[in-house]
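Heads up, structure39.cif below (mmCIF, C-alpha atoms and all ligand atoms):
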data_query
#
loop_
_atom_site.label_atom_id
_atom_site.label_comp_id
_atom_site.auth_asym_id
_atom_site.auth_seq_id
_atom_site.Cartn_x
_atom_site.Cartn_y
_atom_site.Cartn_z
CA MET A 1 -14.47 -7.12 2.29
CA LYS A 2 -13.28 -9.41 -0.48
CA VAL A 3 -10.30 -11.68 -0.14
CA ILE A 4 -8.63 -12.93 -3.29
CA ILE A 5 -6.37 -15.92 -2.62
CA ARG A 6 -3.76 -17.17 -5.06
CA ASN A 7 -1.28 -20.04 -4.69
CA ASP A 8 1.75 -17.81 -4.55
CA GLU A 9 2.94 -14.21 -4.42
CA LYS A 10 3.61 -13.98 -8.15
CA LYS A 11 0.09 -15.01 -9.16
CA ALA A 12 -1.46 -12.72 -6.53
CA SER A 13 0.69 -9.79 -7.64
CA ILE A 14 -0.28 -10.28 -11.27
CA TRP A 15 -3.96 -10.35 -10.24
CA ALA A 16 -3.50 -7.09 -8.31
CA ALA A 17 -1.65 -5.35 -11.16
CA HIS A 18 -4.36 -6.29 -13.66
CA TYR A 19 -7.05 -5.12 -11.24
CA ILE A 20 -5.33 -1.72 -10.95
CA ALA A 21 -4.76 -1.51 -14.72
CA ASP A 22 -8.42 -2.31 -15.39
CA ALA A 23 -9.50 0.40 -12.92
CA ILE A 24 -7.23 3.00 -14.59
CA ASN A 25 -8.40 2.01 -18.07
CA ALA A 26 -12.06 2.00 -17.02
CA LYS A 27 -11.89 5.55 -15.66
CA ALA A 28 -10.05 6.75 -18.77
CA LYS A 29 -12.98 5.52 -20.92
CA THR A 30 -15.60 7.54 -19.06
CA SER A 31 -13.79 10.59 -17.69
CA LYS A 32 -11.06 13.07 -18.54
CA LYS A 33 -10.19 13.41 -14.86
CA PRO A 34 -6.96 11.74 -13.74
CA PHE A 35 -7.00 8.44 -11.93
CA VAL A 36 -5.70 9.05 -8.41
CA LEU A 37 -3.67 6.12 -7.14
CA GLY A 38 -2.31 5.64 -3.62
CA LEU A 39 0.92 3.66 -3.47
CA ALA A 40 3.05 1.77 -0.96
CA THR A 41 6.68 0.74 -0.69
CA GLY A 42 8.24 -2.35 0.92
CA SER A 43 8.91 -5.84 -0.44
CA THR A 44 5.24 -6.65 -0.94
CA PRO A 45 4.27 -4.51 -3.99
CA ILE A 46 7.48 -5.10 -5.99
CA GLU A 47 6.02 -7.84 -8.24
CA THR A 48 2.84 -5.81 -8.73
CA TYR A 49 4.91 -2.82 -9.85
CA ALA A 50 6.91 -5.04 -12.23
CA GLU A 51 3.67 -6.27 -13.81
CA LEU A 52 2.29 -2.70 -14.10
CA ALA A 53 5.53 -1.67 -15.86
CA ARG A 54 5.22 -4.67 -18.15
CA LEU A 55 1.65 -3.66 -19.07
CA VAL A 56 2.86 -0.12 -19.87
CA LYS A 57 5.64 -1.48 -22.11
CA ALA A 58 3.13 -3.76 -23.84
CA GLY A 59 0.96 -0.71 -24.62
CA LYS A 60 -1.93 -2.01 -22.48
CA LEU A 61 -1.72 0.69 -19.83
CA SER A 62 -0.63 4.31 -19.53
CA PHE A 63 0.10 6.41 -16.45
CA LYS A 64 -0.05 9.68 -18.44
CA ASN A 65 -3.31 10.64 -16.74
CA VAL A 66 -2.55 9.07 -13.34
CA VAL A 67 -1.77 11.08 -10.20
CA THR A 68 -0.04 9.21 -7.37
CA PHE A 69 0.23 9.73 -3.62
CA ASN A 70 2.59 7.53 -1.63
CA MET A 71 1.69 6.39 1.85
CA ASP A 72 4.75 7.37 3.76
CA GLU A 73 8.38 8.45 3.99
CA TYR A 74 11.06 8.34 6.67
CA VAL A 75 11.81 11.56 8.54
CA ALA A 76 15.26 13.10 7.98
CA LEU A 77 16.51 10.43 5.58
CA PRO A 78 18.06 12.16 2.53
CA VAL A 79 15.87 11.76 -0.56
CA GLU A 80 18.82 10.30 -2.48
CA HIS A 81 19.41 7.63 0.20
CA PRO A 82 18.85 4.24 -1.50
CA GLU A 83 16.31 3.29 1.18
CA SER A 84 14.28 6.49 1.02
CA TYR A 85 10.81 5.83 -0.32
CA HIS A 86 11.52 8.39 -3.05
CA SER A 87 14.39 6.18 -4.25
CA PHE A 88 12.32 3.02 -3.86
CA MET A 89 9.50 4.35 -6.03
CA ASP A 90 11.87 5.47 -8.78
CA LYS A 91 13.66 2.13 -8.77
CA TYR A 92 10.62 -0.14 -8.80
CA LEU A 93 7.96 1.89 -10.60
CA PHE A 94 8.38 5.46 -11.77
CA ASN A 95 11.54 4.87 -13.86
CA HIS A 96 9.69 2.18 -15.81
CA ILE A 97 6.38 3.84 -16.63
CA ASP A 98 5.17 6.86 -18.60
CA ILE A 99 4.07 8.92 -15.60
CA ASP A 100 4.40 12.71 -15.66
CA ARG A 101 6.67 13.51 -12.69
CA LYS A 102 4.54 16.49 -11.75
CA ASN A 103 1.75 14.04 -10.94
CA VAL A 104 3.88 12.14 -8.40
CA HIS A 105 3.44 13.01 -4.72
CA LEU A 106 5.57 11.79 -1.85
CA LEU A 107 5.84 13.30 1.61
CA ASP A 108 9.00 15.32 2.17
CA GLY A 109 10.64 13.88 5.26
CA ASN A 110 13.13 16.73 5.22
CA ALA A 111 10.59 19.55 5.12
CA LYS A 112 11.29 22.42 7.51
CA ASP A 113 7.78 22.27 8.91
CA LEU A 114 6.77 18.60 9.03
CA LYS A 115 3.29 19.29 10.38
CA LYS A 116 2.56 21.72 7.54
CA GLU A 117 3.90 19.20 5.04
CA CYS A 118 1.46 16.59 6.43
CA ASP A 119 -1.51 18.98 6.49
CA ASP A 120 -0.74 20.14 2.94
CA TYR A 121 -0.57 16.50 1.78
CA GLU A 122 -4.16 15.93 2.92
CA LYS A 123 -5.20 19.10 1.08
CA LYS A 124 -3.42 17.97 -2.10
CA ILE A 125 -5.30 14.66 -2.01
CA VAL A 126 -8.62 16.49 -1.71
CA ALA A 127 -7.62 18.92 -4.50
CA ALA A 128 -6.80 15.95 -6.76
CA GLY A 129 -10.37 14.71 -6.28
CA GLY A 130 -9.66 12.07 -3.62
CA ILE A 131 -7.93 8.76 -4.07
CA ASP A 132 -9.62 6.32 -6.44
CA LEU A 133 -7.66 3.29 -5.31
CA PHE A 134 -5.17 2.97 -2.47
CA LEU A 135 -2.71 0.09 -2.78
CA GLY A 136 -1.09 -0.98 0.49
CA GLY A 137 0.76 -3.72 2.29
CA ILE A 138 0.53 -4.77 5.93
CA GLY A 139 3.08 -5.01 8.68
CA GLU A 140 3.58 -8.14 10.76
CA ASP A 141 1.82 -6.25 13.57
CA GLY A 142 -1.11 -5.39 11.29
CA HIS A 143 -0.06 -1.82 10.53
CA ILE A 144 -1.34 -0.11 7.42
CA ALA A 145 0.95 2.59 6.04
CA PHE A 146 2.94 3.48 9.19
CA ASN A 147 -0.11 3.43 11.44
CA GLU A 148 1.29 1.26 14.18
CA PRO A 149 -0.98 -0.57 16.64
CA PHE A 150 -3.09 1.86 18.67
CA SER A 151 -3.00 4.60 16.04
CA SER A 152 -6.45 6.12 15.80
CA LEU A 153 -8.60 4.62 13.09
CA ASN A 154 -9.55 8.24 12.37
CA SER A 155 -5.94 9.35 11.97
CA ARG A 156 -4.74 11.64 9.18
CA THR A 157 -1.33 12.35 7.68
CA ARG A 158 1.15 13.11 10.44
CA VAL A 159 4.57 12.40 11.92
CA VAL A 160 4.65 8.98 13.59
CA THR A 161 7.08 7.12 15.81
CA LEU A 162 7.98 3.68 14.51
CA THR A 163 7.79 0.76 16.94
CA GLU A 164 10.91 -1.19 17.75
CA ASP A 165 9.34 -4.19 15.99
CA THR A 166 8.86 -2.28 12.74
CA ARG A 167 12.39 -0.85 12.93
CA LYS A 168 13.74 -4.36 13.53
CA VAL A 169 11.81 -5.74 10.54
CA ASN A 170 12.94 -2.83 8.31
CA SER A 171 16.57 -3.09 9.46
CA ARG A 172 16.96 -5.70 6.69
CA PHE A 173 17.17 -2.72 4.33
CA PHE A 174 19.71 -0.91 6.58
CA ASP A 175 22.62 -3.40 6.91
CA ASN A 176 20.59 -5.24 9.59
CA ASP A 177 21.38 -2.39 11.95
CA ILE A 178 18.27 -1.13 13.78
CA ASN A 179 20.15 2.06 14.73
CA LYS A 180 20.33 3.02 11.06
CA VAL A 181 16.53 2.79 10.68
CA PRO A 182 14.94 6.21 11.21
CA ALA A 183 12.88 6.35 14.40
CA GLN A 184 10.21 8.53 12.85
CA ALA A 185 8.27 8.64 9.64
CA MET A 186 5.49 10.64 8.06
CA SER A 187 2.47 8.61 7.18
CA VAL A 188 -0.98 9.03 5.80
CA GLY A 189 -3.54 8.16 8.46
CA VAL A 190 -5.86 5.19 8.60
CA ALA A 191 -8.72 7.50 7.62
CA THR A 192 -6.68 8.88 4.70
CA VAL A 193 -6.46 5.33 3.37
CA THR A 194 -10.06 4.36 4.07
CA ASP A 195 -11.32 7.59 2.46
CA ALA A 196 -10.20 6.12 -0.88
CA LYS A 197 -12.99 4.83 -3.10
CA GLU A 198 -11.27 1.43 -3.18
CA VAL A 199 -8.54 -0.03 -0.98
CA LEU A 200 -6.46 -2.97 -2.17
CA ILE A 201 -4.18 -4.56 0.40
CA LEU A 202 -1.50 -7.11 -0.47
CA ALA A 203 -0.22 -9.69 2.04
CA PHE A 204 2.24 -12.46 1.26
CA GLY A 205 3.99 -15.15 3.24
CA SER A 206 3.44 -16.83 6.60
CA LYS A 207 4.99 -13.82 8.39
CA LYS A 208 1.81 -11.90 7.61
CA ALA A 209 -0.59 -14.71 8.57
CA ARG A 210 -1.28 -13.56 12.13
CA ALA A 211 -1.87 -9.96 11.04
CA LEU A 212 -4.15 -11.10 8.24
CA ARG A 213 -6.16 -13.30 10.61
CA ASP A 214 -6.62 -10.32 12.95
CA ALA A 215 -7.56 -8.07 10.02
CA ILE A 216 -10.16 -10.46 8.63
CA GLU A 217 -11.52 -12.38 11.61
CA GLY A 218 -10.65 -10.15 14.53
CA PRO A 219 -12.60 -7.12 15.73
CA CYS A 220 -12.21 -3.82 13.91
CA SER A 221 -9.68 -2.38 16.32
CA HIS A 222 -6.87 0.12 16.63
CA ALA A 223 -4.75 -2.83 17.86
CA CYS A 224 -4.58 -3.96 14.21
CA THR A 225 -5.00 -0.84 12.12
CA VAL A 226 -5.55 -2.68 8.82
CA SER A 227 -8.73 -4.11 10.39
CA ALA A 228 -10.29 -0.69 9.57
CA LEU A 229 -10.80 -2.23 6.12
CA GLN A 230 -13.75 -4.13 7.62
CA LEU A 231 -15.72 -0.87 7.57
CA HIS A 232 -14.81 -0.02 3.99
CA PRO A 233 -17.46 -0.65 1.32
CA ALA A 234 -14.85 -1.62 -1.29
CA GLY A 235 -11.93 -3.23 0.48
CA ILE A 236 -10.00 -6.06 -1.16
CA ILE A 237 -7.22 -8.15 0.32
CA VAL A 238 -5.06 -10.01 -2.19
CA CYS A 239 -2.94 -12.69 -0.58
CA ASP A 240 -1.18 -15.98 -1.09
CA GLU A 241 -2.00 -19.31 0.58
CA ALA A 242 0.72 -18.80 3.19
CA ALA A 243 -0.65 -15.46 4.36
CA ILE A 244 -4.23 -16.76 4.73
CA GLY A 245 -2.87 -19.78 6.64
CA GLU A 246 -3.97 -18.65 10.13
CA CYS A 247 -7.58 -17.97 9.12
CA LYS A 248 -10.28 -20.52 9.81
CA TYR A 249 -10.95 -23.04 7.04
CA ASN A 250 -14.54 -21.78 6.87
CA SER A 251 -13.37 -18.20 6.23
CA TYR A 252 -11.06 -19.48 3.50
CA LYS A 253 -13.90 -21.44 1.88
CA TYR A 254 -16.23 -18.44 2.07
CA PHE A 255 -13.86 -16.08 0.25
CA LYS A 256 -13.04 -18.72 -2.37
CA ALA A 257 -16.77 -19.35 -2.95
CA VAL A 258 -17.51 -15.62 -3.32
CA GLU A 259 -14.76 -15.22 -5.89
CA GLU A 260 -15.94 -18.25 -7.82
CA ALA A 261 -19.55 -17.06 -7.82
CA GLU A 262 -18.60 -13.56 -8.96
CA SER A 263 -16.38 -14.79 -11.78
CA LYS A 264 -19.24 -16.73 -13.41
C1 LIG B 301 4.98 0.92 2.98
C2 LIG B 301 4.15 0.87 4.18
C3 LIG B 301 4.16 -0.29 5.10
C4 LIG B 301 4.44 -1.65 4.43
C5 LIG B 301 4.49 -2.75 5.48
C6 LIG B 301 4.88 -4.08 4.88
O1 LIG B 301 4.78 2.12 2.28
O2 LIG B 301 3.46 1.81 4.45
O3 LIG B 301 2.91 -0.36 5.76
O4 LIG B 301 3.44 -1.91 3.50
O5 LIG B 301 5.40 -2.42 6.48
O6 LIG B 301 6.21 -4.02 4.42
P1 LIG B 301 6.80 -5.16 3.50
O7 LIG B 301 6.06 -5.10 2.22
O8 LIG B 301 8.25 -4.81 3.30
O9 LIG B 301 6.58 -6.45 4.21
#

Write the structure described by the file as structure tokens, please.
Ligand code: F6R
Amino acid sequence: MKVIIRNDEKKASIWAAHYIADAINAKAKTSKKPFVLGLATGSTPIETYAELARLVKAGKLSFKNVVTFNMDEYVALPVEHPESYHSFMDKYLFNHIDIDRKNVHLLDGNAKDLKKECDDYEKKIVAAGGIDLFLGGIGEDGHIAFNEPFSSLNSRTRVVTLTEDTRKVNSRFFDNDINKVPAQAMSVGVATVTDAKEVLILAFGSKKARALRDAIEGPCSHACTVSALQLHPAGIIVCDEAAIGECKYNSYKYFKAVEEAESK
């Protein structure tokens, strides 16, 4: 696991966006196959999406040959609801880049048969050639996608029940009313994420510090599902100083030293 630490969220987000852009551009040079990108919603990736859009406008990046798969969607929330993840992605990314809409995949939380929708999603990922890079955030309880604590580290796309804590945290998007936050979601599994060739996790602010400490220094455990990244051969956490704040000073120094050595 690599941990890239920047002073603040903005600098970390710009680093992440350029890393993703470089990966897309690198594949385009050597292959005609699309780049398959896993995406997340939430407050965390907003600056990264803004920088990706800026790179597209500047002519330094194109999404024409990029296929995307989002991590999750609420169950039974209308697609046109401003807080649906469909709406979120349009607002913060898809409306600002040159992606072909037929290459965009999000789970349908209003599908008649939710289980089939989840199973088909896994098949679509395989048919696309697997995910090249999965971008994610983490919850305050260490969840990755909507894999709440004690989700199997081998889990796949399925319907999940959100914890009260997650609903409370997300109620900030629903007039601060927890009752308006859907109780269920559909989410890719931990194994769906870790199957990706690369996984890039963003974590910003002191609210994420405990989860990040558990993910980096704790055991690989279903109690903190993002800790599954410890077993991934190409896992990167990109964070700010506040989010790394609960880790030991020696861990901090180690990750800084690795980055410095590799940038020489
Ligand atoms: C979003 C997702 C979640 C969020 C996490 C952090 O698609 O799957 O795991 O990444 O809840 O949310 P924010 O970024 O709002 O702190």

Could you list, as a PyMOL selection string, all residues that come within 6 Å of ligand LIG 301 (chain B)? Count all atoms listed in the file. chain A and resi 40-44+71-72+136-139+143-146

Polymer residues at most 7 Å from Val226 in chain A, all atoms listed in the file, same-chain spacing of 2 or more positions, as a list in words: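 Close residues of Val226 in chain A: Gly142, His143, Ile144, Ala215, Cys224, Ala228 and Leu229 of chain A.
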
Mind dumping the selected residues with C-alpha atoms as a PDB file, in the frame of the given file?
ATOM      1  CA  GLY A 142      -1.110  -5.390  11.290  1.00  0.00           C
ATOM      2  CA  HIS A 143      -0.060  -1.820  10.530  1.00  0.00           C
ATOM      3  CA  ILE A 144      -1.340  -0.110   7.420  1.00  0.00           C
ATOM      4  CA  ALA A 215      -7.560  -8.070  10.020  1.00  0.00           C
ATOM      5  CA  CYS A 224      -4.580  -3.960  14.210  1.00  0.00           C
ATOM      6  CA  ALA A 228     -10.290  -0.690   9.570  1.00  0.00           C
ATOM      7  CA  LEU A 229     -10.800  -2.230   6.120  1.00  0.00           C
TER       8      LEU A 229
END

Atom-to-atom span, CA of Glu241 in chain A and CA of Val3 in chain A, Å: 11.3 Å

When distances are computed from all atoms listed in the file, which of A:Ser251, A:His222, A:Glu217, A:Phe204 shows the smallest separation from Asn7 in chain A?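 Ranked by minimum distance to Asn7 in chain A, first place goes to A:Phe204.
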
So the first atom is CA of Trp15 in chain A and the second is CA of Asp132 in chain A; what is the distance between them in Å, to one decimal place?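 Straight-line distance from CA of Trp15 in chain A to CA of Asp132 in chain A works out to 18.0 Å.
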
Considering all atoms listed in the file, return as a count of residues only whatever protein or nucleic-acid residues lie within 7 Å of range 80-86 of chain A, sequence-local ones (same chain, fewer than 3 positions apart) excluded. 8

How close does range 37-92 of chain A get to range 110-124 of chain A? List, as JSON lines, each residue of range 37-92 of chain A within 8 Å, its nearest atom pair and the distance in Å to one decimal, counting all atoms listed in the file.
{"residue": "A:Val75", "atom": "CA", "partner": "A:Asn110", "partner_atom": "CA", "distance": 6.3}
{"residue": "A:Ala76", "atom": "CA", "partner": "A:Asn110", "partner_atom": "CA", "distance": 5.0}
{"residue": "A:Leu77", "atom": "CA", "partner": "A:Asn110", "partner_atom": "CA", "distance": 7.2}
{"residue": "A:Pro78", "atom": "CA", "partner": "A:Asn110", "partner_atom": "CA", "distance": 7.2}

Restricting the calculation to all atoms listed in the file, which member of A:Gly129, A:Ala53, A:Lys64, A:Arg213 is positioned closest to Lys197 in chain A?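 When distances to Lys197 in chain A are compared using all atoms listed in the file, the smallest one comes from A:Gly129.
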
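Relative to CA of Pro149 in chain A, CA of Tyr252 in chain A is found at 25.1 Å.
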
Could you tell me which of A:Val258, A:Ala211, A:Ile4, A:Val56 comes closest to Ile24 in chain A if we count only C-alpha atoms? A:Val56

Which residue out of A:Val238, A:Val160, A:Ile99, A:Leu37 has the minimum interatomic distance to Leu200 in chain A when all atoms listed in the file are used?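 Counting all atoms listed in the file, the residue closest to Leu200 in chain A is A:Val238.
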
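Here the question is which of A:Ser171, A:Thr166, A:Thr48, A:Asn103 gets nearest to Ile20 in chain A using all atoms listed in the file, and that residue is A:Thr48.
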
How would range 11-22 of chain A read, as a PDB file, in the frame of the given file, once all heavy atoms are built in?
ATOM      1  N   LYS A  11       1.446 -14.980  -8.578  1.00  0.00           N
ATOM      2  CA  LYS A  11       0.090 -15.010  -9.160  1.00  0.00           C
ATOM      3  C   LYS A  11      -0.792 -13.923  -8.530  1.00  0.00           C
ATOM      4  O   LYS A  11      -1.564 -13.255  -9.211  1.00  0.00           O
ATOM      5  CB  LYS A  11      -0.544 -16.381  -8.949  1.00  0.00           C
ATOM      6  CG  LYS A  11       0.072 -17.472  -9.817  1.00  0.00           C
ATOM      7  CD  LYS A  11      -0.873 -18.671  -9.938  1.00  0.00           C
ATOM      8  CE  LYS A  11      -0.261 -19.737 -10.819  1.00  0.00           C
ATOM      9  NZ  LYS A  11       0.533 -20.717 -10.060  1.00  0.00           N
ATOM     10  N   ALA A  12      -0.648 -13.734  -7.219  1.00  0.00           N
ATOM     11  CA  ALA A  12      -1.460 -12.720  -6.530  1.00  0.00           C
ATOM     12  C   ALA A  12      -1.079 -11.323  -7.006  1.00  0.00           C
ATOM     13  O   ALA A  12      -1.943 -10.459  -7.222  1.00  0.00           O
ATOM     14  CB  ALA A  12      -1.258 -12.854  -5.018  1.00  0.00           C
ATOM     15  N   SER A  13       0.223 -11.105  -7.198  1.00  0.00           N
ATOM     16  CA  SER A  13       0.690  -9.790  -7.640  1.00  0.00           C
ATOM     17  C   SER A  13       0.193  -9.473  -9.048  1.00  0.00           C
ATOM     18  O   SER A  13      -0.185  -8.328  -9.346  1.00  0.00           O
ATOM     19  CB  SER A  13       2.225  -9.738  -7.644  1.00  0.00           C
ATOM     20  OG  SER A  13       2.714 -10.014  -6.363  1.00  0.00           O
ATOM     21  N   ILE A  14       0.194 -10.491  -9.895  1.00  0.00           N
ATOM     22  CA  ILE A  14      -0.280 -10.280 -11.270  1.00  0.00           C
ATOM     23  C   ILE A  14      -1.779  -9.952 -11.233  1.00  0.00           C
ATOM     24  O   ILE A  14      -2.244  -9.033 -11.915  1.00  0.00           O
ATOM     25  CB  ILE A  14       0.034 -11.510 -12.169  1.00  0.00           C
ATOM     26  CG1 ILE A  14       1.555 -11.532 -12.408  1.00  0.00           C
ATOM     27  CG2 ILE A  14      -0.742 -11.476 -13.483  1.00  0.00           C
ATOM     28  CD1 ILE A  14       2.082 -12.731 -13.146  1.00  0.00           C
ATOM     29  N   TRP A  15      -2.510 -10.649 -10.373  1.00  0.00           N
ATOM     30  CA  TRP A  15      -3.960 -10.350 -10.240  1.00  0.00           C
ATOM     31  C   TRP A  15      -4.138  -8.885  -9.824  1.00  0.00           C
ATOM     32  O   TRP A  15      -4.954  -8.160 -10.412  1.00  0.00           O
ATOM     33  CB  TRP A  15      -4.603 -11.285  -9.196  1.00  0.00           C
ATOM     34  CG  TRP A  15      -6.100 -11.164  -9.174  1.00  0.00           C
ATOM     35  CD1 TRP A  15      -6.991 -11.956  -9.849  1.00  0.00           C
ATOM     36  CD2 TRP A  15      -6.880 -10.165  -8.488  1.00  0.00           C
ATOM     37  NE1 TRP A  15      -8.281 -11.512  -9.611  1.00  0.00           N
ATOM     38  CE2 TRP A  15      -8.245 -10.420  -8.780  1.00  0.00           C
ATOM     39  CE3 TRP A  15      -6.570  -9.085  -7.657  1.00  0.00           C
ATOM     40  CZ2 TRP A  15      -9.292  -9.642  -8.270  1.00  0.00           C
ATOM     41  CZ3 TRP A  15      -7.614  -8.295  -7.164  1.00  0.00           C
ATOM     42  CH2 TRP A  15      -8.951  -8.582  -7.468  1.00  0.00           C
ATOM     43  N   ALA A  16      -3.357  -8.461  -8.838  1.00  0.00           N
ATOM     44  CA  ALA A  16      -3.500  -7.090  -8.310  1.00  0.00           C
ATOM     45  C   ALA A  16      -3.151  -6.059  -9.389  1.00  0.00           C
ATOM     46  O   ALA A  16      -3.867  -5.064  -9.567  1.00  0.00           O
ATOM     47  CB  ALA A  16      -2.608  -6.903  -7.083  1.00  0.00           C
ATOM     48  N   ALA A  17      -2.070  -6.305 -10.124  1.00  0.00           N
ATOM     49  CA  ALA A  17      -1.650  -5.350 -11.160  1.00  0.00           C
ATOM     50  C   ALA A  17      -2.735  -5.215 -12.236  1.00  0.00           C
ATOM     51  O   ALA A  17      -3.054  -4.107 -12.683  1.00  0.00           O
ATOM     52  CB  ALA A  17      -0.327  -5.788 -11.778  1.00  0.00           C
ATOM     53  N   HIS A  18      -3.319  -6.348 -12.620  1.00  0.00           N
ATOM     54  CA  HIS A  18      -4.360  -6.290 -13.660  1.00  0.00           C
ATOM     55  C   HIS A  18      -5.614  -5.609 -13.133  1.00  0.00           C
ATOM     56  O   HIS A  18      -6.288  -4.897 -13.877  1.00  0.00           O
ATOM     57  CB  HIS A  18      -4.647  -7.697 -14.205  1.00  0.00           C
ATOM     58  CG  HIS A  18      -3.549  -8.179 -15.108  1.00  0.00           C
ATOM     59  ND1 HIS A  18      -3.691  -8.366 -16.453  1.00  0.00           N
ATOM     60  CD2 HIS A  18      -2.241  -8.448 -14.839  1.00  0.00           C
ATOM     61  CE1 HIS A  18      -2.529  -8.738 -16.979  1.00  0.00           C
ATOM     62  NE2 HIS A  18      -1.634  -8.800 -16.004  1.00  0.00           N
ATOM     63  N   TYR A  19      -5.890  -5.791 -11.847  1.00  0.00           N
ATOM     64  CA  TYR A  19      -7.050  -5.120 -11.240  1.00  0.00           C
ATOM     65  C   TYR A  19      -6.842  -3.598 -11.298  1.00  0.00           C
ATOM     66  O   TYR A  19      -7.745  -2.841 -11.668  1.00  0.00           O
ATOM     67  CB  TYR A  19      -7.247  -5.591  -9.798  1.00  0.00           C
ATOM     68  CG  TYR A  19      -8.520  -5.064  -9.190  1.00  0.00           C
ATOM     69  CD1 TYR A  19      -9.720  -5.756  -9.347  1.00  0.00           C
ATOM     70  CD2 TYR A  19      -8.528  -3.853  -8.489  1.00  0.00           C
ATOM     71  CE1 TYR A  19     -10.903  -5.250  -8.815  1.00  0.00           C
ATOM     72  CE2 TYR A  19      -9.704  -3.351  -7.957  1.00  0.00           C
ATOM     73  CZ  TYR A  19     -10.888  -4.055  -8.116  1.00  0.00           C
ATOM     74  OH  TYR A  19     -12.057  -3.548  -7.593  1.00  0.00           O
ATOM     75  N   ILE A  20      -5.635  -3.168 -10.944  1.00  0.00           N
ATOM     76  CA  ILE A  20      -5.330  -1.720 -10.950  1.00  0.00           C
ATOM     77  C   ILE A  20      -5.373  -1.190 -12.395  1.00  0.00           C
ATOM     78  O   ILE A  20      -5.955  -0.129 -12.665  1.00  0.00           O
ATOM     79  CB  ILE A  20      -3.936  -1.471 -10.306  1.00  0.00           C
ATOM     80  CG1 ILE A  20      -3.964  -1.861  -8.821  1.00  0.00           C
ATOM     81  CG2 ILE A  20      -3.500  -0.015 -10.478  1.00  0.00           C
ATOM     82  CD1 ILE A  20      -2.589  -1.996  -8.174  1.00  0.00           C
ATOM     83  N   ALA A  21      -4.777  -1.939 -13.308  1.00  0.00           N
ATOM     84  CA  ALA A  21      -4.760  -1.510 -14.720  1.00  0.00           C
ATOM     85  C   ALA A  21      -6.185  -1.389 -15.249  1.00  0.00           C
ATOM     86  O   ALA A  21      -6.527  -0.403 -15.927  1.00  0.00           O
ATOM     87  CB  ALA A  21      -3.951  -2.508 -15.549  1.00  0.00           C
ATOM     88  N   ASP A  22      -7.027  -2.357 -14.919  1.00  0.00           N
ATOM     89  CA  ASP A  22      -8.420  -2.310 -15.390  1.00  0.00           C
ATOM     90  C   ASP A  22      -9.136  -1.081 -14.820  1.00  0.00           C
ATOM     91  O   ASP A  22      -9.923  -0.432 -15.513  1.00  0.00           O
ATOM     92  CB  ASP A  22      -9.185  -3.575 -14.965  1.00  0.00           C
ATOM     93  CG  ASP A  22      -8.737  -4.805 -15.750  1.00  0.00           C
ATOM     94  OD1 ASP A  22      -7.985  -4.646 -16.736  1.00  0.00           O
ATOM     95  OD2 ASP A  22      -9.120  -5.924 -15.357  1.00  0.00           O
TER      96      ASP A  22
END
